[in-house]
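Peer 1: Just one file: my_file_20.txt, with compact mmCIF, C-alpha atoms.
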# COMPACT_ATOMS: atom_id res chain seq x y z
CA MET A 20 -32.20 -21.99 -74.33
CA ASN A 21 -28.60 -21.25 -74.99
CA TYR A 22 -28.16 -17.89 -76.73
CA GLU A 23 -24.41 -17.62 -76.16
CA PRO A 24 -23.36 -18.55 -79.74
CA ILE A 25 -25.39 -15.55 -80.87
CA TYR A 26 -24.69 -12.87 -78.28
CA SER A 27 -20.99 -13.66 -78.11
CA ASN A 28 -20.82 -12.14 -81.61
CA ILE A 29 -22.35 -8.87 -80.47
CA ARG A 30 -19.59 -6.37 -79.60
CA THR A 31 -21.15 -2.98 -78.97
CA THR A 32 -24.36 -1.46 -77.68
CA SER A 33 -25.09 -0.06 -81.13
CA GLU A 34 -24.90 -3.58 -82.60
CA ARG A 35 -27.23 -4.80 -79.86
CA GLY A 36 -29.67 -2.01 -80.72
CA ALA A 37 -29.62 -2.95 -84.36
CA ILE A 38 -30.23 -6.62 -83.55
CA SER A 39 -33.11 -5.79 -81.22
CA MET A 40 -34.77 -3.78 -83.95
CA ALA A 41 -34.16 -6.63 -86.42
CA ILE A 42 -35.78 -9.10 -84.01
CA GLU A 43 -38.85 -6.88 -83.77
CA THR A 44 -39.07 -6.62 -87.55
CA ILE A 45 -38.70 -10.36 -88.05
CA ILE A 46 -41.37 -11.10 -85.43
CA GLU A 47 -43.73 -8.64 -87.15
CA ASN A 48 -43.25 -10.48 -90.43
CA LEU A 49 -43.48 -13.98 -88.98
CA TYR A 50 -47.25 -14.32 -89.39
CA LYS A 51 -47.43 -12.79 -92.84
CA LYS A 52 -48.25 -15.12 -95.72
CA GLU A 53 -45.43 -16.35 -97.87
CA THR A 54 -42.81 -14.99 -95.48
CA ASP A 55 -39.29 -16.38 -95.74
CA ILE A 56 -37.68 -16.13 -92.36
CA ASN A 57 -34.18 -16.64 -93.67
CA THR A 58 -34.52 -13.77 -96.09
CA HIS A 59 -35.62 -11.49 -93.31
CA ILE A 60 -32.67 -12.56 -91.20
CA GLU A 61 -30.20 -11.91 -93.98
CA THR A 62 -31.60 -8.50 -94.75
CA GLU A 63 -32.29 -7.24 -91.23
CA MET A 64 -29.56 -8.76 -89.06
CA PRO A 65 -25.88 -7.73 -88.99
CA SER A 66 -23.78 -10.16 -90.94
CA VAL A 67 -21.97 -11.58 -87.88
CA ILE A 68 -25.32 -12.71 -86.46
CA VAL A 69 -26.88 -14.21 -89.57
CA ARG A 70 -25.10 -17.51 -89.55
CA PRO A 71 -25.34 -18.39 -85.84
CA LEU A 72 -28.99 -17.31 -85.76
CA LYS A 73 -29.87 -19.47 -88.74
CA GLN A 74 -28.11 -22.40 -87.13
CA ALA A 75 -29.98 -21.87 -83.88
CA LEU A 76 -33.36 -21.68 -85.61
CA ALA A 77 -32.55 -24.80 -87.58
CA ARG A 78 -32.10 -26.67 -84.31
CA LEU A 79 -35.59 -25.73 -83.10
CA PRO A 80 -38.02 -28.70 -82.74
CA ASP A 81 -40.49 -27.15 -85.16
CA LYS A 82 -40.44 -24.18 -87.49
CA SER A 83 -43.79 -22.74 -86.58
CA PRO A 84 -44.02 -18.94 -86.24
CA LYS A 85 -44.96 -19.31 -82.60
CA THR A 86 -41.86 -21.36 -81.77
CA ILE A 87 -39.63 -18.94 -83.68
CA GLN A 88 -41.23 -15.99 -81.92
CA THR A 89 -40.67 -17.59 -78.55
CA TYR A 90 -37.05 -18.11 -79.40
CA LEU A 91 -36.60 -14.57 -80.72
CA ASP A 92 -38.36 -13.07 -77.68
CA GLY A 93 -35.98 -15.01 -75.44
CA LEU A 94 -33.04 -13.74 -77.47
CA GLY A 95 -34.28 -10.13 -77.16
CA LYS A 96 -34.53 -10.51 -73.38
CA GLU A 97 -31.12 -12.10 -73.17
CA LEU A 98 -29.63 -9.19 -75.13
CA MET A 99 -31.04 -6.80 -72.55
CA ARG A 100 -29.24 -8.76 -69.85
CA LEU A 101 -25.82 -8.33 -71.43
CA ARG A 102 -23.41 -6.31 -69.30
CA ILE A 103 -22.00 -3.07 -70.62
CA LEU A 104 -18.44 -1.84 -70.38
CA SER A 105 -18.23 1.88 -71.20
CA LEU A 106 -15.07 3.08 -72.88
CA GLU A 107 -14.26 6.68 -73.76
CA ILE A 108 -11.36 6.87 -76.15
CA ALA A 109 -9.49 9.73 -77.82
CA TYR A 110 -10.28 8.79 -81.41
CA ASP A 111 -13.06 7.46 -83.62
CA PRO A 112 -13.04 3.69 -83.25
CA THR A 113 -12.38 1.71 -86.39
CA GLU A 114 -13.44 -1.86 -87.10
CA GLU A 115 -9.92 -2.86 -86.17
CA THR A 116 -10.25 -1.03 -82.84
CA ILE A 117 -13.56 -2.77 -82.07
CA ALA A 118 -12.13 -6.14 -83.02
CA VAL A 119 -9.01 -5.73 -80.94
CA LEU A 120 -10.95 -4.57 -77.91
CA THR A 121 -13.56 -7.33 -78.26
CA THR A 122 -10.82 -9.93 -78.43
CA TRP A 123 -9.35 -8.57 -75.22
CA ILE A 124 -12.78 -8.50 -73.50
CA ARG A 125 -13.66 -12.05 -74.56
CA GLU A 126 -10.29 -13.28 -73.40
CA PHE A 127 -10.17 -11.59 -70.01
CA LEU A 128 -13.75 -10.71 -69.02
CA GLY A 129 -16.27 -12.99 -70.75
CA ASN A 130 -18.74 -13.42 -73.60
CA ASP A 131 -21.70 -11.63 -72.08
CA ILE A 132 -20.08 -8.17 -72.12
CA ILE A 133 -20.50 -5.56 -74.83
CA MET A 134 -18.86 -2.16 -75.23
CA GLU A 135 -20.41 1.26 -75.22
CA LEU A 136 -17.88 3.35 -77.10
CA SER A 137 -17.69 7.13 -77.08
CA VAL A 138 -15.04 9.68 -78.08
CA ASP A 139 -13.28 12.37 -76.00
CA ARG A 140 -10.35 13.81 -77.88
CA GLY A 141 -9.16 15.57 -74.73
CA LEU A 142 -7.92 12.24 -73.49
CA PHE A 143 -5.31 12.32 -76.21
CA GLY A 144 -4.57 8.64 -75.61
CA GLY A 145 -5.71 5.80 -73.36
CA ALA A 146 -9.27 5.39 -72.13
CA ARG A 147 -11.85 6.33 -69.52
CA VAL A 148 -13.34 3.04 -68.31
CA SER A 149 -16.57 2.68 -66.37
CA TYR A 150 -18.47 -0.38 -65.34
CA GLU A 151 -21.43 -0.78 -62.99
CA GLY A 152 -20.85 2.51 -61.22
CA ARG A 153 -17.08 2.24 -61.09
CA TYR A 154 -14.92 4.66 -62.98
CA LYS A 155 -11.27 4.85 -63.97
CA GLU A 156 -9.32 7.07 -66.27
CA ILE A 157 -6.03 5.89 -67.69
CA ASN A 158 -4.89 8.30 -70.35
CA LEU A 159 -1.61 9.25 -71.92
CA ALA A 160 -0.85 11.62 -69.06
CA THR A 161 -1.36 8.76 -66.62
CA PHE A 162 1.08 6.60 -68.51
CA ILE A 163 3.64 9.40 -68.54
CA GLU A 164 3.15 10.05 -64.79
CA GLN A 165 3.45 6.38 -64.10
CA THR A 166 6.61 6.18 -66.10
CA MET A 167 7.95 9.21 -64.28
CA ARG A 168 7.17 7.64 -60.90
CA GLU A 169 8.80 4.41 -61.93
CA GLN A 170 11.81 6.31 -63.16
CA GLN A 171 11.78 8.84 -60.33
CA GLU A 172 15.13 7.77 -58.96
CA LEU A 173 16.68 8.08 -62.32
CA ILE A 174 15.01 11.44 -62.90
CA ASN A 175 16.10 12.68 -59.45
CA ASP A 176 19.61 11.67 -60.16
CA THR A 177 19.37 13.42 -63.47
CA ILE A 178 17.95 16.73 -62.24
CA LYS A 179 19.50 16.48 -58.74
CA ILE A 180 16.32 17.76 -57.05
CA PRO A 181 14.53 15.58 -54.48
CA LEU A 182 10.84 15.31 -55.33
CA THR A 183 9.75 13.83 -52.00
CA GLY A 184 10.08 14.94 -48.41
CA MET B 11 -19.16 39.80 71.88
CA THR B 12 -20.00 36.12 71.46
CA PHE B 13 -23.46 34.66 71.74
CA GLY B 14 -22.51 32.98 75.06
CA GLY B 15 -21.31 36.30 76.51
CA ILE B 16 -24.52 38.15 75.61
CA LEU B 17 -26.70 35.40 77.03
CA ASN B 18 -24.61 35.34 80.25
CA SER B 19 -24.77 39.14 80.81
CA TYR B 20 -28.59 39.42 80.34
CA SER B 21 -29.37 36.43 82.57
CA LEU B 22 -27.31 37.77 85.48
CA GLU B 23 -28.95 41.21 85.47
CA LEU B 24 -32.41 39.70 85.38
CA PHE B 25 -31.52 37.36 88.16
CA THR B 26 -30.19 40.24 90.31
CA ALA B 27 -33.29 42.38 89.70
CA PHE B 28 -35.53 39.47 90.53
CA LEU B 29 -33.59 38.85 93.77
CA CYS B 30 -33.78 42.52 94.93
CA GLY B 31 -37.52 42.60 94.22
CA ALA B 32 -38.04 39.43 96.25
CA ILE B 33 -36.04 40.86 99.21
CA PHE B 34 -38.03 44.09 99.09
CA ILE B 35 -41.37 42.25 99.10
CA VAL B 36 -40.23 40.03 102.00
CA LEU B 37 -39.10 43.12 103.94
CA ILE B 38 -42.41 44.95 103.40
CA ALA B 39 -44.32 41.86 104.41
CA HIS B 40 -42.18 41.44 107.55
CA MET B 41 -42.64 45.14 108.53
CA GLY B 42 -46.39 44.82 108.10
CA SER B 43 -46.41 41.69 110.21
CA VAL B 44 -44.35 43.35 112.99
CA ALA B 45 -46.57 46.44 112.97
CA TYR B 46 -49.72 44.33 113.22
CA ARG B 47 -48.30 42.32 116.15
CA GLN B 48 -47.24 45.47 118.04
CA LYS B 49 -50.69 46.98 117.45
CA LYS B 50 -52.24 43.83 118.81
CA GLU B 51 -49.98 43.86 121.90
CA ALA B 52 -50.65 47.52 122.41
CA ALA B 53 -54.35 46.89 122.38
CA LYS B 54 -53.87 44.26 125.07
CA LYS B 55 -51.73 46.55 127.41
CA PRO B 56 -53.10 49.54 129.16
CA ARG B 57 -52.59 52.54 127.33
CA LEU B 58 -49.89 54.69 128.90
CA SER B 59 -49.96 57.63 126.80
CA THR B 60 -50.66 57.86 123.14
CA GLU B 61 -47.59 59.76 122.22
CA GLY B 62 -45.24 57.69 124.35
CA GLU B 63 -46.65 54.57 122.95
CA ALA B 64 -46.36 55.84 119.47
CA GLU B 65 -42.78 56.80 119.96
CA HIS B 66 -42.03 53.52 121.61
CA ILE B 67 -43.65 51.62 118.79
CA LEU B 68 -41.91 53.65 116.16
CA SER B 69 -38.60 53.21 117.97
CA ASN B 70 -39.06 49.48 118.17
CA ALA B 71 -40.19 49.33 114.64
CA HIS B 72 -37.20 51.34 113.65
CA GLU B 73 -34.84 49.10 115.46
CA GLU B 74 -36.47 46.03 114.11
CA ALA B 75 -36.48 47.53 110.69
CA VAL B 76 -32.82 48.36 111.01
CA ASP B 77 -32.14 44.85 112.13
CA ILE B 78 -34.21 43.44 109.37
CA ILE B 79 -32.53 45.71 106.81
CA ARG B 80 -29.17 44.74 108.16
CA VAL B 81 -30.03 41.10 108.00
CA ALA B 82 -31.63 41.54 104.64
CA THR B 83 -28.60 43.43 103.42
CA ALA B 84 -26.34 40.70 104.70
CA LYS B 85 -28.56 38.10 103.10
CA ALA B 86 -28.66 40.12 99.95
CA ARG B 87 -24.90 40.44 99.96
CA GLU B 88 -24.60 36.74 100.47
CA MET B 89 -27.05 36.15 97.77
CA LEU B 90 -25.23 38.60 95.50
CA GLN B 91 -21.97 36.89 96.25
CA SER B 92 -23.59 33.57 95.67
CA ALA B 93 -25.13 34.93 92.49
CA ALA B 94 -21.75 36.28 91.49
CA ARG B 95 -20.26 32.87 92.09
CA VAL B 96 -23.11 31.25 90.24
CA LYS B 97 -22.67 33.82 87.53
CA GLU B 98 -19.00 33.09 87.40
CA GLY B 99 -19.63 29.35 87.36
CA VAL B 100 -22.39 29.66 84.83
CA SER B 101 -20.26 31.96 82.72
CA SER B 102 -17.35 29.59 82.98
CA SER B 103 -19.53 26.61 82.25
CA LEU B 104 -21.34 28.44 79.48
CA ALA B 105 -18.07 29.59 78.00
CA THR B 106 -16.75 26.05 78.21
CA GLU B 107 -19.91 24.66 76.67
CA LEU B 108 -19.97 27.34 74.07
CA THR B 109 -16.32 26.79 73.35
CA ALA B 110 -16.98 23.09 73.04
CA ILE B 111 -19.97 23.73 70.81
CA ALA B 112 -17.96 26.21 68.84
CA GLU B 113 -15.19 23.71 68.57
CA GLN B 114 -17.69 21.10 67.48
CA HIS B 115 -19.14 23.48 64.97
CA LYS B 116 -15.72 24.52 63.91
CA GLN B 117 -14.75 20.90 63.52
CA TYR B 118 -18.01 20.19 61.78
CA LEU B 119 -17.52 23.15 59.53
CA GLN B 120 -13.95 22.18 58.96
CA ASP B 121 -14.99 18.62 58.16
CA ALA B 122 -17.82 19.89 56.04
CA SER B 123 -15.51 22.32 54.35
CA LEU B 124 -12.99 19.59 53.74
CA LYS B 125 -15.77 17.35 52.52
CA TYR B 126 -17.14 20.12 50.37
CA VAL B 127 -13.69 20.90 49.10
CA GLU B 128 -13.10 17.23 48.45
CA THR B 129 -16.48 16.89 46.80
CA TYR B 130 -15.88 20.07 44.87
CA GLU B 131 -12.47 18.87 43.82
CA HIS B 132 -13.93 15.52 42.86
CA MET B 133 -16.74 17.22 40.96
CA ALA B 134 -14.29 19.61 39.44
CA GLU B 135 -12.12 16.69 38.37
CA ARG B 136 -15.15 14.90 36.98
CA ALA B 137 -16.33 18.07 35.31
CA GLN B 138 -12.86 18.59 33.92
CA GLU B 139 -12.76 15.00 32.75
CA GLU B 140 -16.20 15.31 31.24
CA TYR B 141 -15.25 18.63 29.74
CA LEU B 142 -12.07 17.10 28.36
CA THR B 143 -14.00 14.09 27.12
CA THR B 144 -16.64 16.31 25.55
CA LEU B 145 -13.94 18.53 24.15
CA HIS B 146 -12.09 15.49 22.82
CA GLU B 147 -15.27 14.07 21.30
CA ALA B 148 -16.16 17.45 19.89
CA SER B 149 -12.69 17.87 18.47
CA GLN B 150 -12.86 14.33 17.11
CA ALA B 151 -16.25 15.03 15.59
CA MET B 152 -15.00 18.32 14.21
CA ALA B 153 -11.90 16.60 12.87
CA GLY B 154 -14.09 13.88 11.39
CA ASP B 155 -16.39 16.45 9.86
CA ALA B 156 -13.44 18.43 8.60
CA LYS B 157 -11.89 15.28 7.15
CA HIS B 158 -15.19 14.29 5.56
CA THR B 159 -15.59 17.78 4.17
CA LEU B 160 -12.02 17.71 2.94
CA ASP B 161 -12.55 14.29 1.40
CA MET B 162 -15.72 15.51 -0.29
CA PHE B 163 -13.91 18.61 -1.44
CA GLU B 164 -11.05 16.49 -2.71
CA ILE B 165 -13.46 14.22 -4.57
CA PHE B 166 -15.26 17.26 -5.92
CA LEU B 167 -11.96 18.78 -6.97
CA LYS B 168 -10.86 15.52 -8.57
CA GLU B 169 -14.14 15.23 -10.45
CA GLN B 170 -13.95 18.82 -11.50
CA THR B 171 -10.32 18.37 -12.52
CA ILE B 172 -11.15 15.22 -14.46
CA GLY B 173 -14.12 16.97 -16.03
CA TYR B 174 -12.03 19.98 -16.98
CA LYS B 175 -9.26 17.69 -18.19
CA GLN B 176 -11.70 15.70 -20.32
CA GLN B 177 -13.26 18.88 -21.62
CA MET B 178 -9.84 20.28 -22.40
CA GLU B 179 -8.75 17.03 -24.02
CA LYS B 180 -11.96 16.97 -26.04
CA LYS B 181 -11.47 20.59 -27.04
CA ILE B 182 -7.85 19.92 -27.93
CA ASP B 183 -8.89 16.81 -29.89
CA ASP B 184 -11.65 18.74 -31.64
CA LEU B 185 -9.24 21.53 -32.39
CA ARG B 186 -6.62 19.07 -33.56
CA ASN B 187 -9.15 17.25 -35.74
CA LYS B 188 -10.38 20.52 -37.13
CA VAL B 189 -6.85 21.67 -37.84
CA ASN B 190 -6.02 18.27 -39.34
CA GLU B 191 -9.14 18.47 -41.49
CA GLN B 192 -8.21 21.96 -42.60
CA VAL B 193 -4.63 20.85 -43.25
CA ASN B 194 -5.84 17.79 -45.15
CA GLU B 195 -8.31 19.84 -47.14
CA TYR B 196 -5.61 22.36 -47.87
CA LYS B 197 -3.25 19.55 -48.76
CA LYS B 198 -5.85 17.88 -50.96
CA GLU B 199 -6.63 21.15 -52.66
CA LYS B 200 -2.97 21.88 -53.22
CA LEU B 201 -2.28 18.33 -54.40
CA LYS B 202 -5.28 18.50 -56.70
CA ARG B 203 -3.98 21.74 -58.14
CA VAL B 204 -0.51 20.26 -58.42
CA ASP B 205 -1.94 17.13 -60.06
CA LYS B 206 -3.99 19.25 -62.41
CA ALA B 207 -0.98 21.36 -63.24
CA ILE B 208 1.13 18.26 -63.77
CA ASN B 209 -1.58 16.75 -65.95
CA GLU B 210 -1.83 19.86 -68.01
CA ILE B 211 1.93 20.03 -68.32
CA VAL B 212 2.18 16.37 -69.19
CA ILE B 213 -0.58 16.62 -71.78
CA LEU B 214 0.98 19.73 -73.20
CA VAL B 215 4.36 18.03 -73.32
CA ALA B 216 2.79 14.91 -74.82
CA LYS B 217 1.05 17.01 -77.46
CA ILE B 218 4.23 18.86 -78.25
CA VAL B 219 6.37 15.75 -78.28
CA ILE B 220 3.95 13.27 -79.82
CA GLY B 221 1.55 15.68 -81.51
CA ARG B 222 -1.02 14.10 -83.75
CA SER B 223 1.36 11.52 -84.96
CA LEU B 224 -0.34 8.67 -82.99
CA ASN B 225 -1.79 6.25 -85.46
CA ILE B 226 -4.75 3.95 -84.94
CA GLN B 227 -2.57 1.06 -83.97
CA GLU B 228 -0.78 3.12 -81.33
CA HIS B 229 -4.14 4.41 -80.06
CA ASN B 230 -5.42 0.85 -79.87
CA GLU B 231 -2.33 -0.17 -77.97
CA LEU B 232 -2.86 2.67 -75.50
CA VAL B 233 -6.48 1.66 -74.94
CA LEU B 234 -5.48 -1.95 -74.45
CA ARG B 235 -2.79 -0.82 -72.06
CA ALA B 236 -5.41 1.18 -70.16
CA LEU B 237 -7.60 -1.93 -69.94
CA ASP B 238 -4.63 -3.97 -68.79
CA GLU B 239 -3.82 -1.41 -66.10
CA ALA B 240 -7.42 -1.38 -64.93
CA LYS B 241 -7.45 -5.17 -64.83
CA LYS B 242 -4.14 -5.20 -62.95
CA GLU B 243 -5.60 -2.86 -60.32
CA GLY B 244 -8.61 -5.15 -59.90
CA PHE B 245 -11.06 -2.75 -61.50
CA PHE B 246 -13.08 -5.56 -63.09
CA GLY B 247 -12.89 -7.80 -60.02
CA HIS B 248 -15.55 -10.49 -60.35
CA LEU B 249 -15.67 -10.11 -64.12
CA GLU B 250 -12.23 -11.46 -64.65
CA LEU B 251 -11.98 -15.00 -66.01
As structure tokens, please, write out the structure in this file.
Peer 2:
Amino acid sequence: MNYEPIYSNIRTTSERGAISMAIETIIENLYKKETDINTHIETEMPSVIVRPLKQALARLPDKSPKTIQTYLDGLGKELMRLRILSLEIAYDPTEETIAVLTTWIREFLGNDIIMELSVDRGLFGGARVSYEGRYKEINLATFIEQTMREQQELINDTIKIPLTG
Amino acid sequence: MTFGGILNSYSLELFTAFLCGAIFIVLIAHMGSVAYRQKKEAAKKPRLSTEGEAEHILSNAHEEAVDIIRVATAKAREMLQSAARVKEGVSSSLATELTAIAEQHKQYLQDASLKYVETYEHMAERAQEEYLTTLHEASQAMAGDAKHTLDMFEIFLKEQTIGYKQQMEKKIDDLRNKVNEQVNEYKKEKLKRVDKAINEIVILVAKIVIGRSLNIQEHNELVLRALDEAKKEGFFGHLEL
């Protein structure tokens, strides 16, 4: 089954956690009498997931609890397979921050990647990026150093002191 | 005195003694014979007087004896002369023979000596040649041994030299590597400290210059720039679309 229309809307690990819990709750309520699956989805799932999930369930061949459970179990497993890009930033991320970063990730890296965001104010600016064991820190100091290296000739000329050799 | 002379002298004396003895025996025998004949004649004649007869007999005997002695002496003299001549001849002959024998012996000895000398010289030459050959071979063998020993020693020295050289090179390399490692570590440490100091300075400067004035949009831009930098350096590799 194709779960991409759903997981491509998940942006962070916390959102994935919330969705996983929602899936468990919905499955628990599937076999209860007079259960409305759509109501459960609307109340349990994050709003960005509600619509694509409803659409996906509507396309199922039958609406039996067993079929829905199979689909939801598959979705839960697929969520666990999503790759995680860890980002440490110098400030508390806002919705705008998450949206901007997600746009960048979807554009350059893919739909099956979610962010794990954390805060380190010591960075002051920039980010500490880690992915599958690799690690890189590009903070404000790095940018300034980089700028200084790029402008070294100009700086040397300015201060008249050779920095190399 | 030579051997020939001694032999000659002893033979002549013996011969003379033998000759005198023979003459004396003949004389005694002749006197006995004469006395017996006179006694026999006297027995046949009438006896004149005993004393006269005795004197007559003795006188005759004396005369006869004198004659006999004279004859015997003459004979003896002749015989002595003859013996002296014989002696002289024998001596001469013996001397000649002995001289000839001596000459022969001398010649033989001379020849033998020459032969011996020649043989000795020949043997000496051969011995010298053999000695020289042996000496040459020995010297060759010694030279060969010495060369072999020298070659072995040279090889040994070369091996030792190569071994020492390799050991020294290895030690020098080890030392160089160790020093390089120490230098690199020192360099790394210093660079790390310099980097840290620069970082701290830069952050301090950034804080002073920029302070807390960065807004969310600027923060977002910095994070996006960090992601762009990471992407540019190939950090995401296979992830990139």
Peer 1: For chain A, report every residue with an atom at most 12 Å from chain B (counting all atoms listed in the file), formatted as a PyMOL selection string.
Peer 2: chain A and resi 102-132+136+140-167
Peer 1: To one decimal place, how far is CA of Val67 in chain A from CA of Lys85 in chain A in Å?
Peer 2: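 Atom-to-atom, CA of Val67 in chain A to CA of Lys85 in chain A, that is 24.8 Å.
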Peer 1: Quick one: distance from CA of Thr32 in chain A to CA of Asp55 in chain A in Å, one decimal?
Peer 2: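 These two atoms are separated by 27.8 Å.
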Peer 1: One decimal, in Å: what's the spacing between CA of Ala41 in chain A and CA of Met64 in chain A?
Peer 2: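 These two atoms are separated by 5.7 Å.
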Peer 1: Pick out the closest residue to Ala37 in chain A from this set: A:Pro24, A:Pro80, A:Pro71, A:Gly95. Count all atoms listed in the file.
Peer 2: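 For Ala37 in chain A, the nearest of the given residues is A:Gly95.
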